[in-house]
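Enquirer: What follows is a structure written as structure tokens; I'll ask about it next.
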Amino acid sequence: MVQAKVDISAGVGEGWMELPAGLSTGNYRLSAYTRYMRNEEESIFFNKIVSILNPFEKDNSVPVDSTEITPGIAAVQSPGSTLSVTTDQAAYSRRSEVQLRLAGVPENIHSLTVSVAGNDIYTGIPSSTLAG
């Protein structure tokens with residue numbers, strides 16, 4: 001379904017791949033091998049089954065309700081910094097837009113990462129359903 005080439009330096013490779021928006025929810029096989037391994041049997045390739053959940057696809061096995069989501073803000077402060085994060089609302093419905101306000105960002109910061117995490121309501125896809 002998706003292929004990517006990754007450069008290897010000193011025996012280590014790092015990369016990413018963009019999944020198509022229309023990719024169906026399901027289990028997929030992730031395989032990795034080097035150019036030299038292609039001459040061998042596939043049994044020596046790295047293989048792992050990964051579950052992909054497409055949030056834009058209607059999937060009746062994923063519980064969906066109309067409960068509100070209440071944000072919990074955790075600000076990590078470094079010495080001498082008073083970084084704070086606030087939201088524009090006290091609660092949100094699923095898939096609603098969220099506006100974050102950052103205050104106290106030091107002027108010498110060149111990049112900043114904000115992560116959104118929550119309790120996973122999805123327990124996985126049965127391994128018997130291998131897609132692709």
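By convention here, the chains of the structure tokens are called A, B, ... in the order presented, each chain's residues are numbered starting at 1, and ligands are numbered starting at 1 in the order presented.
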Identify, on the basis of only C-alpha atoms, every residue whose closest approach to Ser24 (chain A) does not exceed 8 Å; exclude the query and any residue fewer than 5 positions from it along the same chain; express the result as a list in words.
Expert: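 Listing them by chain and then by number gives Ile52, Leu53, Asn54, Glu57 and Ala131 of chain A.
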Enquirer: Restricting the calculation to only C-alpha atoms, which member of A:Arg35, A:Ala21, A:Asn27, A:Ser84 is positioned closest to Pro55 (chain A)?
Expert: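 Looking at the shortest contact to Pro55 (chain A), the residue is A:Ala21.
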Enquirer: Report the distance between CA of Pro20 (chain A) and CA of Met1 (chain A) in Å, rounded to one decimal place.
Expert: 8.8 Å
Enquirer: Pick out the closest residue to Leu83 (chain A) from this set: A:Ser31, A:Tyr36, A:Val105, A:Ala4. Count only C-alpha atoms.
Expert: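 For Leu83 (chain A), the nearest of the candidates is A:Val105.
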Enquirer: For the atom pair CA of Tyr28 (chain A) and CA of Lys48 (chain A), what is the interatomic distance in Å to one decimal place?
Expert: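 So the answer is 8.3 Å.
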Enquirer: Could you work out how far CA of Ile109 (chain A) lies from CA of Trp16 (chain A), giving the answer in Å with one decimal?
Expert: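 Taking CA of Trp16 (chain A) as the start and CA of Ile109 (chain A) as the end point, the length is 25.5 Å.
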